[in-house]
$ cat run_12.txt   # compact mmCIF, C-alpha atoms and all ligand atoms
# COMPACT_ATOMS: atom_id res chain seq x y z
CA MET Q 550 119.15 414.81 64.68
CA ARG Q 551 122.67 413.92 63.67
CA SER Q 552 123.72 410.96 61.57
CA ARG Q 553 123.73 408.32 64.30
CA GLU Q 554 120.32 409.38 65.59
CA GLN Q 555 119.00 409.54 62.04
CA ALA Q 556 120.33 406.05 61.35
CA ARG Q 557 118.82 404.75 64.59
CA HIS Q 558 115.51 406.29 63.60
CA LEU Q 559 115.79 404.57 60.20
CA LEU Q 560 116.37 401.16 61.80
CA GLU Q 561 113.31 401.68 64.01
CA PHE Q 562 111.32 402.73 60.95
CA ILE Q 563 112.32 399.54 59.11
CA ASP Q 564 111.72 397.29 62.10
CA ALA Q 565 108.20 398.75 62.39
CA SER Q 566 107.69 398.04 58.67
CA PRO Q 567 108.09 394.31 57.98
CA SER Q 568 106.09 394.53 54.72
CA PRO Q 569 105.30 397.27 52.17
CA TRP Q 570 101.81 397.61 53.68
CA HIS Q 571 103.36 398.15 57.09
CA ALA Q 572 105.85 400.61 55.58
CA VAL Q 573 102.95 402.73 54.34
CA GLU Q 574 101.22 402.51 57.71
CA THR Q 575 104.44 403.51 59.52
CA THR Q 576 104.89 406.42 57.10
CA ALA Q 577 101.26 407.49 57.59
CA ASP Q 578 101.73 407.35 61.38
CA HIS Q 579 104.70 409.73 61.16
CA LEU Q 580 102.75 412.03 58.84
CA ARG Q 581 99.66 412.10 61.08
CA HIS Q 582 101.86 412.78 64.07
CA ALA Q 583 103.30 415.79 62.20
CA GLY Q 584 99.83 417.14 61.45
CA PHE Q 585 99.35 415.82 57.90
CA VAL Q 586 95.72 415.22 56.97
CA ALA Q 587 94.68 411.94 55.33
CA LEU Q 588 92.86 412.37 52.01
CA ARG Q 589 90.87 409.70 50.21
CA GLU Q 590 90.95 409.33 46.45
CA ASN Q 591 87.22 408.67 46.29
CA GLU Q 592 86.27 411.95 47.96
CA ARG Q 593 86.57 415.59 46.84
CA TRP Q 594 89.65 417.38 48.16
CA GLN Q 595 89.65 420.80 49.81
CA LEU Q 596 93.28 421.91 49.95
CA ALA Q 597 94.68 424.99 51.67
CA ALA Q 598 97.91 426.87 50.92
CA GLY Q 599 100.53 425.57 53.33
CA GLY Q 600 98.34 422.51 54.02
CA ARG Q 601 99.96 419.11 54.65
CA TYR Q 602 98.26 416.01 53.26
CA PHE Q 603 98.76 412.39 52.29
CA VAL Q 604 96.86 409.82 50.28
CA VAL Q 605 97.26 406.03 50.12
CA ARG Q 606 96.47 403.85 47.12
CA GLY Q 607 96.18 400.09 47.40
CA GLY Q 608 97.66 399.91 50.90
CA ALA Q 609 101.32 399.87 49.81
CA SER Q 610 101.74 403.16 47.92
CA ILE Q 611 101.56 406.58 49.54
CA ILE Q 612 101.96 410.17 48.36
CA ALA Q 613 102.44 412.97 50.90
CA PHE Q 614 102.64 416.63 50.01
CA VAL Q 615 102.89 420.13 51.43
CA VAL Q 616 101.07 422.76 49.40
CA GLY Q 617 103.62 425.51 48.73
CA ARG Q 618 103.19 429.16 49.66
CA GLY Q 619 104.23 430.26 46.17
CA ASN Q 620 102.25 430.06 42.92
CA LEU Q 621 102.36 426.52 41.64
CA ASP Q 622 102.71 427.54 37.99
CA THR Q 623 105.83 429.57 38.73
CA CYS Q 624 107.31 427.39 41.52
CA GLY Q 625 106.44 423.87 40.35
CA PHE Q 626 106.66 420.66 42.33
CA ARG Q 627 109.68 419.29 44.16
CA LEU Q 628 109.27 415.53 44.12
CA VAL Q 629 111.12 412.71 45.85
CA GLY Q 630 110.19 409.19 44.77
CA ALA Q 631 111.11 405.83 46.28
CA HIS Q 632 109.65 402.34 46.60
CA THR Q 633 108.11 400.53 49.53
CA ASP Q 634 108.52 396.95 48.29
CA SER Q 635 111.55 394.71 48.63
CA PRO Q 636 112.32 391.47 46.83
CA GLY Q 637 111.67 388.28 48.74
CA LEU Q 638 109.16 385.49 49.15
CA ARG Q 639 105.38 385.78 49.08
CA ILE Q 640 102.88 383.21 50.35
CA LYS Q 641 100.78 381.44 47.71
CA PRO Q 642 96.95 381.48 48.03
CA LYS Q 643 96.68 377.75 48.75
CA ALA Q 644 99.81 377.77 50.79
CA LEU Q 645 99.70 374.89 53.21
CA GLN Q 646 101.69 371.80 52.26
CA VAL Q 647 101.64 368.66 54.38
CA GLY Q 648 103.99 365.75 54.00
CA ASP Q 649 106.49 363.59 55.83
CA GLY Q 650 105.00 364.69 59.14
CA LEU Q 651 105.74 368.36 58.50
CA LEU Q 652 103.81 371.47 57.56
CA GLY Q 653 105.21 373.71 54.87
CA LEU Q 654 104.18 376.94 53.17
CA GLY Q 655 104.34 377.31 49.42
CA VAL Q 656 106.01 380.53 48.32
CA GLU Q 657 106.40 382.54 45.15
CA VAL Q 658 109.57 384.51 44.52
CA TYR Q 659 108.81 388.25 44.42
CA GLY Q 660 111.27 390.24 42.34
CA GLY Q 661 114.95 389.30 42.44
CA PRO Q 662 116.06 388.42 45.97
CA LEU Q 663 119.40 386.83 46.87
CA LEU Q 664 117.62 383.59 47.70
CA ALA Q 665 120.52 381.98 49.55
CA THR Q 666 120.34 384.71 52.20
CA PHE Q 667 116.90 383.45 53.27
CA ALA Q 668 118.34 380.13 54.43
CA ASP Q 669 118.82 379.46 58.16
CA ARG Q 670 117.27 382.75 59.24
CA ASP Q 671 114.54 383.32 61.82
CA LEU Q 672 111.81 384.15 59.35
CA SER Q 673 108.24 385.23 59.89
CA LEU Q 674 105.24 386.66 58.05
CA ALA Q 675 103.85 390.15 57.57
CA GLY Q 676 101.30 391.61 55.21
CA ARG Q 677 97.62 392.22 54.86
CA VAL Q 678 94.57 390.03 55.06
CA ALA Q 679 91.08 390.63 53.69
CA VAL Q 680 88.46 389.66 56.26
CA ARG Q 681 84.69 389.60 56.12
CA ASP Q 682 83.28 392.77 57.72
CA GLY Q 683 79.50 392.97 57.84
CA ASP Q 684 78.38 393.18 54.23
CA GLY Q 685 81.82 394.20 53.05
CA VAL Q 686 85.51 393.49 53.40
CA ALA Q 687 88.07 394.98 55.78
CA MET Q 688 91.80 395.01 55.04
CA ARG Q 689 93.81 394.16 58.16
CA LEU Q 690 97.55 394.28 58.69
CA VAL Q 691 99.09 391.19 60.20
CA HIS Q 692 102.59 390.57 61.56
CA PHE Q 693 103.94 387.59 63.44
CA ALA Q 694 106.73 389.09 65.54
CA GLU Q 695 108.21 385.76 66.68
CA PRO Q 696 110.09 383.41 64.32
CA LEU Q 697 107.47 381.32 62.52
CA LEU Q 698 109.16 379.90 59.44
CA ARG Q 699 112.49 378.49 58.33
CA LEU Q 700 114.40 377.42 55.28
CA PRO Q 701 117.05 375.07 56.71
CA ASN Q 702 120.11 374.51 54.56
CA LEU Q 703 120.95 371.05 53.38
CA ALA Q 704 123.94 369.92 55.44
CA ILE Q 705 127.27 370.18 53.68
CA HIS Q 706 127.54 366.39 53.95
CA MET Q 707 124.77 366.12 51.35
CA ASN Q 708 125.82 369.21 49.39
CA ARG Q 709 129.58 368.74 49.11
CA GLU Q 710 130.11 371.27 46.30
CA VAL Q 711 128.15 374.13 47.85
CA ASN Q 712 131.19 376.25 48.62
CA GLU Q 713 132.48 375.83 45.08
CA ASN Q 714 129.20 376.01 43.14
CA GLY Q 715 127.19 378.36 45.32
CA LEU Q 716 123.98 377.83 47.23
CA LYS Q 717 121.12 377.20 44.82
CA PHE Q 718 117.42 376.55 45.40
CA ASN Q 719 114.87 375.25 42.93
CA LYS Q 720 112.13 377.85 43.26
CA GLN Q 721 109.28 375.35 43.15
CA THR Q 722 110.57 372.34 45.04
CA GLU Q 723 113.27 373.59 47.40
CA LEU Q 724 111.87 376.90 48.68
CA PRO Q 725 108.70 375.91 50.58
CA LEU Q 726 109.26 377.06 54.16
CA LEU Q 727 108.93 374.80 57.18
CA LEU Q 728 106.05 375.87 59.42
CA GLY Q 729 105.67 373.09 61.98
CA LEU Q 730 104.80 369.52 62.73
CA ALA Q 731 101.81 368.12 60.87
CA GLY Q 732 100.51 366.17 63.89
CA ASP Q 733 97.44 363.99 63.46
CA SER Q 734 94.91 366.47 62.19
CA PRO Q 735 93.95 366.28 58.54
CA ALA Q 736 95.73 368.50 56.10
CA ASP Q 737 93.74 371.37 54.73
CA ASP Q 738 94.13 375.08 54.09
CA GLY Q 739 91.93 375.71 57.13
CA ARG Q 740 94.94 375.29 59.39
CA PHE Q 741 96.73 378.22 57.85
CA HIS Q 742 93.51 380.22 57.94
CA SER Q 743 93.27 379.40 61.65
CA LEU Q 744 96.78 380.65 62.26
CA LEU Q 745 95.95 383.98 60.59
CA ALA Q 746 92.54 384.14 62.27
CA THR Q 747 94.02 383.68 65.74
CA GLN Q 748 96.55 386.43 65.11
CA LEU Q 749 93.81 388.77 63.83
CA GLU Q 750 91.21 387.69 66.40
CA VAL Q 751 88.63 386.86 63.75
CA ALA Q 752 86.89 383.62 62.78
CA PRO Q 753 88.86 381.43 60.33
CA ALA Q 754 85.88 381.42 57.96
CA ASP Q 755 86.13 385.21 57.74
CA ILE Q 756 89.59 385.10 56.17
CA LEU Q 757 89.02 385.70 52.47
CA SER Q 758 92.40 386.42 50.88
CA TRP Q 759 95.83 387.82 51.63
CA GLU Q 760 99.10 389.31 50.46
CA LEU Q 761 101.79 388.06 52.81
CA ALA Q 762 105.52 388.65 52.64
CA VAL Q 763 108.17 386.56 54.34
CA CYS Q 764 110.07 388.88 56.67
CA ASP Q 765 113.10 388.74 58.93
CA THR Q 766 112.69 388.91 62.70
CA GLN Q 767 116.18 390.22 63.48
CA PRO Q 768 116.10 393.91 64.32
CA GLY Q 769 118.41 396.38 62.63
CA ALA Q 770 121.91 396.85 64.06
CA PHE Q 771 124.94 399.08 63.97
CA TRP Q 772 128.19 397.29 63.16
CA GLY Q 773 131.88 397.93 62.52
CA ALA Q 774 134.87 398.90 64.67
CA GLY Q 775 133.44 402.39 65.01
CA GLN Q 776 129.81 401.32 64.61
CA GLU Q 777 129.95 403.21 61.32
CA PHE Q 778 127.70 400.80 59.40
CA ILE Q 779 124.11 399.62 59.69
CA ALA Q 780 122.51 396.30 58.77
CA ASP Q 781 118.81 395.54 58.35
CA SER Q 782 116.34 394.06 55.92
CA GLN Q 783 114.72 396.29 53.26
CA LEU Q 784 117.34 399.06 53.29
CA ASP Q 785 116.54 398.94 49.56
CA ASN Q 786 114.44 400.98 49.56
CA LEU Q 787 112.98 401.92 52.94
CA ALA Q 788 116.17 403.92 53.61
CA SER Q 789 115.19 406.22 50.74
CA CYS Q 790 111.55 406.38 51.88
CA HIS Q 791 112.72 407.34 55.36
CA ALA Q 792 115.16 409.96 54.06
CA GLY Q 793 112.44 411.52 51.89
CA LEU Q 794 109.95 411.47 54.73
CA ILE Q 795 112.32 413.16 57.19
CA ALA Q 796 113.22 415.78 54.58
CA LEU Q 797 109.54 416.47 53.87
CA LEU Q 798 108.74 416.81 57.57
CA GLY Q 799 111.72 419.14 58.06
CA ALA Q 800 110.87 421.70 55.37
CA GLU Q 801 109.05 424.60 57.05
CA SER Q 802 106.37 426.38 54.96
CA PRO Q 803 108.18 426.05 51.61
CA ALA Q 804 107.38 428.16 48.54
CA THR Q 805 107.43 425.09 46.31
CA THR Q 806 104.87 422.29 46.60
CA ASN Q 807 106.88 419.43 48.06
CA VAL Q 808 105.87 415.85 47.34
CA CYS Q 809 107.05 412.44 48.53
CA ALA Q 810 105.78 409.50 46.46
CA PHE Q 811 106.53 406.00 47.67
CA PHE Q 812 105.38 403.21 45.36
CA ASP Q 813 104.74 399.49 45.56
CA HIS Q 814 105.77 397.03 42.83
CA GLU Q 815 109.10 398.61 41.83
CA GLU Q 816 110.84 395.27 42.23
CA VAL Q 817 108.51 393.67 39.70
CA GLY Q 818 108.53 396.43 37.08
CA SER Q 819 106.15 399.08 38.50
CA GLU Q 820 103.35 398.37 35.98
CA SER Q 821 100.30 398.34 38.25
CA ALA Q 822 97.57 400.68 39.44
CA THR Q 823 99.67 401.45 42.52
CA GLY Q 824 103.13 401.31 40.93
CA ALA Q 825 105.24 404.15 39.59
CA GLY Q 826 104.22 403.13 36.06
CA GLY Q 827 100.55 403.68 36.94
CA SER Q 828 98.48 406.82 37.19
CA PHE Q 829 98.84 407.48 40.92
CA ILE Q 830 101.42 410.28 40.82
CA ALA Q 831 99.81 412.09 37.87
CA ASP Q 832 96.35 411.76 39.43
CA VAL Q 833 97.54 413.32 42.69
CA LEU Q 834 99.55 416.14 41.08
CA ARG Q 835 96.64 417.05 38.83
CA ARG Q 836 94.32 417.33 41.83
CA VAL Q 837 96.85 419.45 43.73
CA ALA Q 838 97.17 421.65 40.65
CA ALA Q 839 93.39 421.95 40.36
CA HIS Q 840 93.51 423.67 43.72
CA GLY Q 841 96.50 425.86 42.91
CA VAL Q 842 96.36 426.87 39.26
CA ARG Q 843 92.91 425.71 38.22
CA ASP Q 844 93.61 425.20 34.51
CA ASP Q 845 95.56 422.71 32.46
CA GLU Q 846 97.84 425.43 31.14
CA GLY Q 847 98.96 426.24 34.68
CA TYR Q 848 99.47 422.54 35.42
CA ARG Q 849 101.72 422.19 32.35
CA CYS Q 850 103.75 425.22 33.47
CA ALA Q 851 104.07 423.72 36.94
CA LEU Q 852 105.34 420.40 35.57
CA ALA Q 853 107.85 422.21 33.35
CA ARG Q 854 109.21 423.91 36.47
CA SER Q 855 109.30 420.72 38.55
CA PHE Q 856 112.16 418.48 39.60
CA PHE Q 857 111.92 414.79 40.42
CA ILE Q 858 114.52 413.00 42.55
CA SER Q 859 114.25 409.24 42.20
CA ALA Q 860 115.91 407.94 45.37
CA ASP Q 861 116.92 404.30 45.36
CA MET Q 862 119.95 402.56 46.78
CA ALA Q 863 123.29 402.40 44.94
CA HIS Q 864 125.94 399.67 44.74
CA ALA Q 865 128.86 400.41 47.06
CA TYR Q 866 132.28 399.07 46.14
CA HIS Q 867 132.98 395.66 47.71
CA PRO Q 868 136.75 395.24 48.12
CA ASN Q 869 136.59 391.43 47.79
CA PHE Q 870 135.08 391.66 44.30
CA PRO Q 871 136.96 394.41 42.44
CA ALA Q 872 136.16 392.82 39.04
CA ALA Q 873 132.43 393.41 39.56
CA TYR Q 874 132.82 397.19 39.37
CA GLU Q 875 133.58 399.85 36.80
CA PRO Q 876 137.09 400.84 37.97
CA ALA Q 877 136.58 404.59 37.60
CA HIS Q 878 133.16 404.60 39.30
CA ARG Q 879 133.73 402.90 42.64
CA VAL Q 880 131.51 404.48 45.26
CA ALA Q 881 132.37 404.34 48.94
CA VAL Q 882 130.13 403.61 51.90
CA ASN Q 883 129.94 406.80 53.99
CA GLY Q 884 131.17 408.70 50.93
CA GLY Q 885 127.88 410.50 50.33
CA PRO Q 886 124.86 410.34 47.99
CA VAL Q 887 125.47 408.68 44.64
CA LEU Q 888 124.37 410.04 41.27
CA LYS Q 889 123.38 407.06 39.13
CA ILE Q 890 124.14 407.55 35.46
CA ASN Q 891 123.30 405.33 32.49
CA ALA Q 892 123.29 406.57 28.90
CA ASN Q 893 120.69 403.94 27.98
CA GLN Q 894 118.22 405.57 30.40
CA ARG Q 895 118.04 402.76 32.90
CA TYR Q 896 118.49 405.76 35.20
CA SER Q 897 116.82 409.07 34.44
CA THR Q 898 119.87 411.24 35.20
CA GLY Q 899 121.06 413.68 32.53
CA ALA Q 900 123.82 416.30 32.60
CA GLU Q 901 121.46 419.08 33.66
CA SER Q 902 119.70 417.12 36.42
CA ALA Q 903 123.03 415.71 37.63
CA ALA Q 904 124.43 419.22 37.90
CA ARG Q 905 121.37 420.33 39.78
CA PHE Q 906 121.79 417.53 42.32
CA ILE Q 907 125.51 418.27 42.67
CA ARG Q 908 124.57 421.87 43.52
CA LEU Q 909 122.02 420.64 46.08
CA CYS Q 910 124.73 418.54 47.75
CA GLU Q 911 127.06 421.56 47.77
CA LYS Q 912 124.32 423.63 49.37
CA ALA Q 913 123.74 420.91 51.98
CA GLY Q 914 127.48 420.59 52.62
CA VAL Q 915 127.58 416.87 51.78
CA PRO Q 916 129.89 414.97 49.41
CA CYS Q 917 128.49 413.53 46.19
CA GLN Q 918 129.65 410.46 44.24
CA GLN Q 919 128.97 409.23 40.71
CA TYR Q 920 128.19 405.66 39.69
CA ALA Q 921 128.15 403.90 36.36
CA HIS Q 922 127.68 400.14 35.99
CA ARG Q 923 130.24 397.98 34.16
CA SER Q 924 129.56 398.19 30.42
CA ASP Q 925 129.60 394.40 30.09
CA LEU Q 926 126.99 393.84 32.83
CA GLY Q 927 123.24 394.45 32.69
CA CYS Q 928 122.26 397.47 34.76
CA GLY Q 929 119.23 397.58 37.09
CA SER Q 930 116.62 400.27 36.73
CA THR Q 931 114.44 402.40 39.01
CA ILE Q 932 111.18 404.31 39.04
CA GLY Q 933 113.11 407.35 37.74
CA PRO Q 934 112.74 406.80 33.97
CA LEU Q 935 109.08 405.74 34.37
CA VAL Q 936 108.00 408.77 36.36
CA ALA Q 937 110.09 411.12 34.22
CA ALA Q 938 108.47 409.70 31.08
CA GLY Q 939 104.95 409.79 32.52
CA LEU Q 940 105.09 413.36 33.81
CA GLY Q 941 107.66 414.84 31.45
CA VAL Q 942 109.58 416.36 34.36
CA ALA Q 943 113.30 416.92 34.86
CA SER Q 944 114.57 413.93 36.81
CA VAL Q 945 117.65 412.54 38.49
CA ASP Q 946 118.45 409.11 39.94
CA VAL Q 947 120.35 409.09 43.20
CA GLY Q 948 120.84 406.74 46.14
CA SER Q 949 122.87 405.93 49.21
CA PRO Q 950 125.62 403.36 48.73
CA MET Q 951 124.98 399.90 50.14
CA TRP Q 952 126.31 396.37 50.14
CA ALA Q 953 124.41 393.15 49.44
CA MET Q 954 121.46 394.70 47.60
CA HIS Q 955 118.47 392.30 47.68
CA SER Q 956 119.88 390.22 50.52
CA ILE Q 957 117.48 389.75 53.42
CA ARG Q 958 120.21 391.45 55.48
CA GLU Q 959 121.62 394.44 53.63
CA SER Q 960 124.13 396.94 54.93
CA ALA Q 961 124.96 400.60 54.45
CA GLY Q 962 126.68 403.56 56.09
CA VAL Q 963 125.58 405.67 59.05
CA LEU Q 964 126.90 408.93 57.57
CA ASP Q 965 125.30 408.29 54.19
CA HIS Q 966 121.81 408.29 55.61
CA GLY Q 967 122.35 411.69 57.19
CA TYR Q 968 123.92 412.99 53.96
CA MET Q 969 120.90 411.85 51.93
CA ILE Q 970 118.46 413.49 54.34
CA ALA Q 971 120.46 416.72 54.08
CA ALA Q 972 120.51 416.62 50.26
CA LEU Q 973 116.76 415.93 50.02
CA THR Q 974 116.06 418.64 52.59
CA ALA Q 975 117.98 421.06 50.37
CA ALA Q 976 115.80 419.96 47.42
CA PHE Q 977 112.66 420.68 49.41
CA SER Q 978 113.99 424.12 50.44
CA GLU Q 979 114.95 425.44 46.96
CO CO H 1001 115.48 399.50 44.98
$ encode --input "run_12.txt" --output "structure tokens" --more "lines below"
Ligand code: CO
Amino acid sequence: MRSREQARHLLEFIDASPSPWHAVETTADHLRHAGFVALRENERWQLAAGGRYFVVRGGASIIAFVVGRGNLDTCGFRLVGAHTDSPGLRIKPKALQVGDGLLGLGVEVYGGPLLATFADRDLSLAGRVAVRDGDGVAMRLVHFAEPLLRLPNLAIHMNREVNENGLKFNKQTELPLLLGLAGDSPADDGRFHSLLATQLEVAPADILSWELAVCDTQPGAFWGAGQEFIADSQLDNLASCHAGLIALLGAESPATTNVCAFFDHEEVGSESATGAGGSFIADVLRRVAAHGVRDDEGYRCALARSFFISADMAHAYHPNFPAAYEPAHRVAVNGGPVLKINANQRYSTGAESAARFIRLCEKAGVPCQQYAHRSDLGCGSTIGPLVAAGLGVASVDVGSPMWAMHSIRESAGVLDHGYMIAALTAAFSE
């Protein structure tokens, strides 16, 4: 697969994954197709050398691994981490709002989206719904493929300063999304339950609860004079999930135990049972080690020989806004993977781990760039420092360059996706 095919595959991956729960399902589908065996956390694991496995926690976090041929305590783990969630809008539990002849849906802002980019787009819903199932509860994925929702702009005739002051929304009063005409029927939450129930082919009374994300309906696209760029929703950070997944699938019977860990809740700080700040990664590695080295001493040796690559998108230089960037650290779209460096440990990269990643890029034959944020601007963070702190492993923060991070329509480079896959493949082949 060369860059264009890899980028096309990425866009298909994202379009099949309109929510973090769908992203995990799409990832699991690819893994199953490649012969990976699904494990459950609440059952005992029987692992074999060379075996390929994955485990899901909470529906939106997934860890996949290939048990290495070599001894774990002398080879360690090779880990690639990324996140499945993207900032945006989530539907409130008592969502339906009726007034002025219209139906609306109340939303909560999830993480830090560029809210203005949600206006005037063909929006819809995707997520998971808990439905009554005999004596228990079944979690069902739901996705409305057709446009369902909208946030129309206020016309410029009523918002004369918008091009000078920027497009702003009050998060409580001005973000509810239009869903339809109210008609004559009485307003109650049952109407939204009915909408979900019809889509899921269950009775409305069986809908118990949900986590629903507002998603875009526009498929991913190539753009540019040479079609050298891509645009889609959720490039941050499904592009990194996809790159890690393809690299994991591509590594044939490695000596090291290779692991991909994709977490929910990065955009809201990662502190959850399923997030990178939780116990998921340590729980899984410990169980893999219990198969391979059998004692805690061996596990500690394995961790000390491990390497974690935190893959999350990087800020590409935008030529219209030169003042937003650190002049010596402008990174170019299609210029290759970016090492993200921050002395205050917003990124986990250090000199040794940076050098190691530079060598991996050399081995893969791909260029490598270095990014530092402006010193007078707050820097974002990633799962890198959290996982590095929790496991005590050597760690580096890297990412592909992109524009418009946290827009509902982000863009990036075709070549960069192929470069990242090559670099991560090299990491899994060390
Ligand atoms: Co991100």
$ closest_residue --input "run_12.txt" --among "Q:Ala597, Q:Ala971, Q:Ala860, Q:Leu664" --to "Leu909 (chain Q)" --atoms "all atoms listed in the file"
Q:Ala971
$ closest_residue --input "run_12.txt" --among "Q:Gln918, Q:Ser859, Q:Ser635, Q:Gln595" --to "ligand CO 1001 (chain H)" --atoms "only C-alpha atoms and all ligand atoms"
Q:Ser635
$ residues_near_ligand --input "run_12.txt" --ligand "ligand CO 1001 (chain H)" --cutoff "10 Å" --atoms "all atoms listed in the file" --output "PyMOL selection string"
chain Q and resi 631-636+783-789+815-816+860-863+929-932+948+954-955
$ closest_atom_pairs --input "run_12.txt" --of "region 691-799 of chain Q" --to "region 874-885 of chain Q" --cutoff "12 Å" --atoms "all atoms listed in the file" --output "CSV"
residue,atom,partner,partner_atom,distance
Q:Gln776,CA,Q:Asn883,CA,12.0
Q:Glu777,CA,Q:Asn883,CA,8.2
Q:Phe778,CA,Q:Val882,CA,8.4
Q:Ile779,CA,Q:Val882,CA,10.6
$ atom_distance --input "run_12.txt" --atom1 "CA of Arg958 (chain Q)" --atom2 "CA of Asp781 (chain Q)"
5.2 Å
$ closest_residue --input "run_12.txt" --among "Q:Val678, Q:Ala665, Q:Leu798, Q:Ala609" --to "Ile756 (chain Q)" --atoms "only C-alpha atoms"
Q:Val678
$ residues_near_point --input "run_12.txt" --point "(119.2, 415.3, 35.7)" --cutoff "9 Å" --atoms "only C-alpha atoms" --output "PyMOL selection string"
chain Q and resi 856-858+897-906+943-946
$ closest_residue --input "run_12.txt" --among "Q:Pro725, Q:Pro950, Q:Gly827, Q:Gly841" --to "Leu651 (chain Q)" --atoms "only C-alpha atoms"
Q:Pro725
$ atom_distance --input "run_12.txt" --atom1 "CA of Leu797 (chain Q)" --atom2 "CA of Arg854 (chain Q)"
18.9 Å
$ closest_residue --input "run_12.txt" --among "Q:Gln748, Q:Ser802, Q:Ser828, Q:Thr974" --to "Leu674 (chain Q)" --atoms "only C-alpha atoms"
Q:Gln748
$ closest_residue --input "run_12.txt" --among "Q:Ala976, Q:Leu724, Q:Ala687, Q:Val586" --to "Ala668 (chain Q)" --atoms "all atoms listed in the file"
Q:Leu724
$ atom_distance --input "run_12.txt" --atom1 "CA of Leu703 (chain Q)" --atom2 "CA of Val656 (chain Q)"
18.4 Å
$ residues_around --input "run_12.txt" --residues "Val751 (chain Q)" --least-positions-apart "6" --cutoff "12 Å" --atoms "only C-alpha atoms" --output "ChimeraX atom specification"
/Q:678-682,687,689,691,742-745,757
$ residues_around --input "run_12.txt" --residues "Ala800 (chain Q)" --least-positions-apart "6" --cutoff "12 Å" --atoms "only C-alpha atoms" --output "ChimeraX atom specification"
/Q:583,599,601,614-617,627,793-794,806-808,970-971,973-979
$ residues_around --input "run_12.txt" --residues "region 560-574 of chain Q" --least-positions-apart "6" --cutoff "10 Å" --atoms "all atoms listed in the file" --output "PyMOL selection string"
chain Q and resi 554+580+605-612+632-635+673-677+689-694+760-771+779-784+786-788+790-791+811-814
$ write_last_selection --input "run_12.txt" --atoms "C-alpha atoms" --output "compact mmCIF listing (two decimals), in the frame of the given file"
# COMPACT_ATOMS: atom_id res chain seq x y z
CA GLU Q 554 120.32 409.38 65.59
CA LEU Q 580 102.75 412.03 58.84
CA VAL Q 605 97.26 406.03 50.12
CA ARG Q 606 96.47 403.85 47.12
CA GLY Q 607 96.18 400.09 47.40
CA GLY Q 608 97.66 399.91 50.90
CA ALA Q 609 101.32 399.87 49.81
CA SER Q 610 101.74 403.16 47.92
CA ILE Q 611 101.56 406.58 49.54
CA ILE Q 612 101.96 410.17 48.36
CA HIS Q 632 109.65 402.34 46.60
CA THR Q 633 108.11 400.53 49.53
CA ASP Q 634 108.52 396.95 48.29
CA SER Q 635 111.55 394.71 48.63
CA SER Q 673 108.24 385.23 59.89
CA LEU Q 674 105.24 386.66 58.05
CA ALA Q 675 103.85 390.15 57.57
CA GLY Q 676 101.30 391.61 55.21
CA ARG Q 677 97.62 392.22 54.86
CA ARG Q 689 93.81 394.16 58.16
CA LEU Q 690 97.55 394.28 58.69
CA VAL Q 691 99.09 391.19 60.20
CA HIS Q 692 102.59 390.57 61.56
CA PHE Q 693 103.94 387.59 63.44
CA ALA Q 694 106.73 389.09 65.54
CA GLU Q 760 99.10 389.31 50.46
CA LEU Q 761 101.79 388.06 52.81
CA ALA Q 762 105.52 388.65 52.64
CA VAL Q 763 108.17 386.56 54.34
CA CYS Q 764 110.07 388.88 56.67
CA ASP Q 765 113.10 388.74 58.93
CA THR Q 766 112.69 388.91 62.70
CA GLN Q 767 116.18 390.22 63.48
CA PRO Q 768 116.10 393.91 64.32
CA GLY Q 769 118.41 396.38 62.63
CA ALA Q 770 121.91 396.85 64.06
CA PHE Q 771 124.94 399.08 63.97
CA ILE Q 779 124.11 399.62 59.69
CA ALA Q 780 122.51 396.30 58.77
CA ASP Q 781 118.81 395.54 58.35
CA SER Q 782 116.34 394.06 55.92
CA GLN Q 783 114.72 396.29 53.26
CA LEU Q 784 117.34 399.06 53.29
CA ASN Q 786 114.44 400.98 49.56
CA LEU Q 787 112.98 401.92 52.94
CA ALA Q 788 116.17 403.92 53.61
CA CYS Q 790 111.55 406.38 51.88
CA HIS Q 791 112.72 407.34 55.36
CA PHE Q 811 106.53 406.00 47.67
CA PHE Q 812 105.38 403.21 45.36
CA ASP Q 813 104.74 399.49 45.56
CA HIS Q 814 105.77 397.03 42.83
$ decode --input "run_12.txt" --residues "region 701-713 of chain Q" --atoms "C-alpha atoms" --output "short mmCIF file (atom, residue, chain, number, x, y, z; two decimals), in the first residue's frame"
data_model
loop_
_atom_site.label_atom_id
_atom_site.label_comp_id
_atom_site.auth_asym_id
_atom_site.auth_seq_id
_atom_site.Cartn_x
_atom_site.Cartn_y
_atom_site.Cartn_z
CA PRO Q 701 -27.79 27.31 11.34
CA ASN Q 702 -25.77 30.50 11.55
CA LEU Q 703 -27.46 33.74 12.40
CA ALA Q 704 -27.61 35.73 9.17
CA ILE Q 705 -24.98 38.43 8.84
CA HIS Q 706 -27.81 40.98 8.81
CA MET Q 707 -28.38 40.23 12.50
CA ASN Q 708 -24.71 39.62 13.31
CA ARG Q 709 -23.01 42.54 11.57
CA GLU Q 710 -19.69 42.26 13.42
CA VAL Q 711 -19.17 38.53 12.91
CA ASN Q 712 -16.32 38.91 10.45
CA GLU Q 713 -14.53 41.31 12.77
#
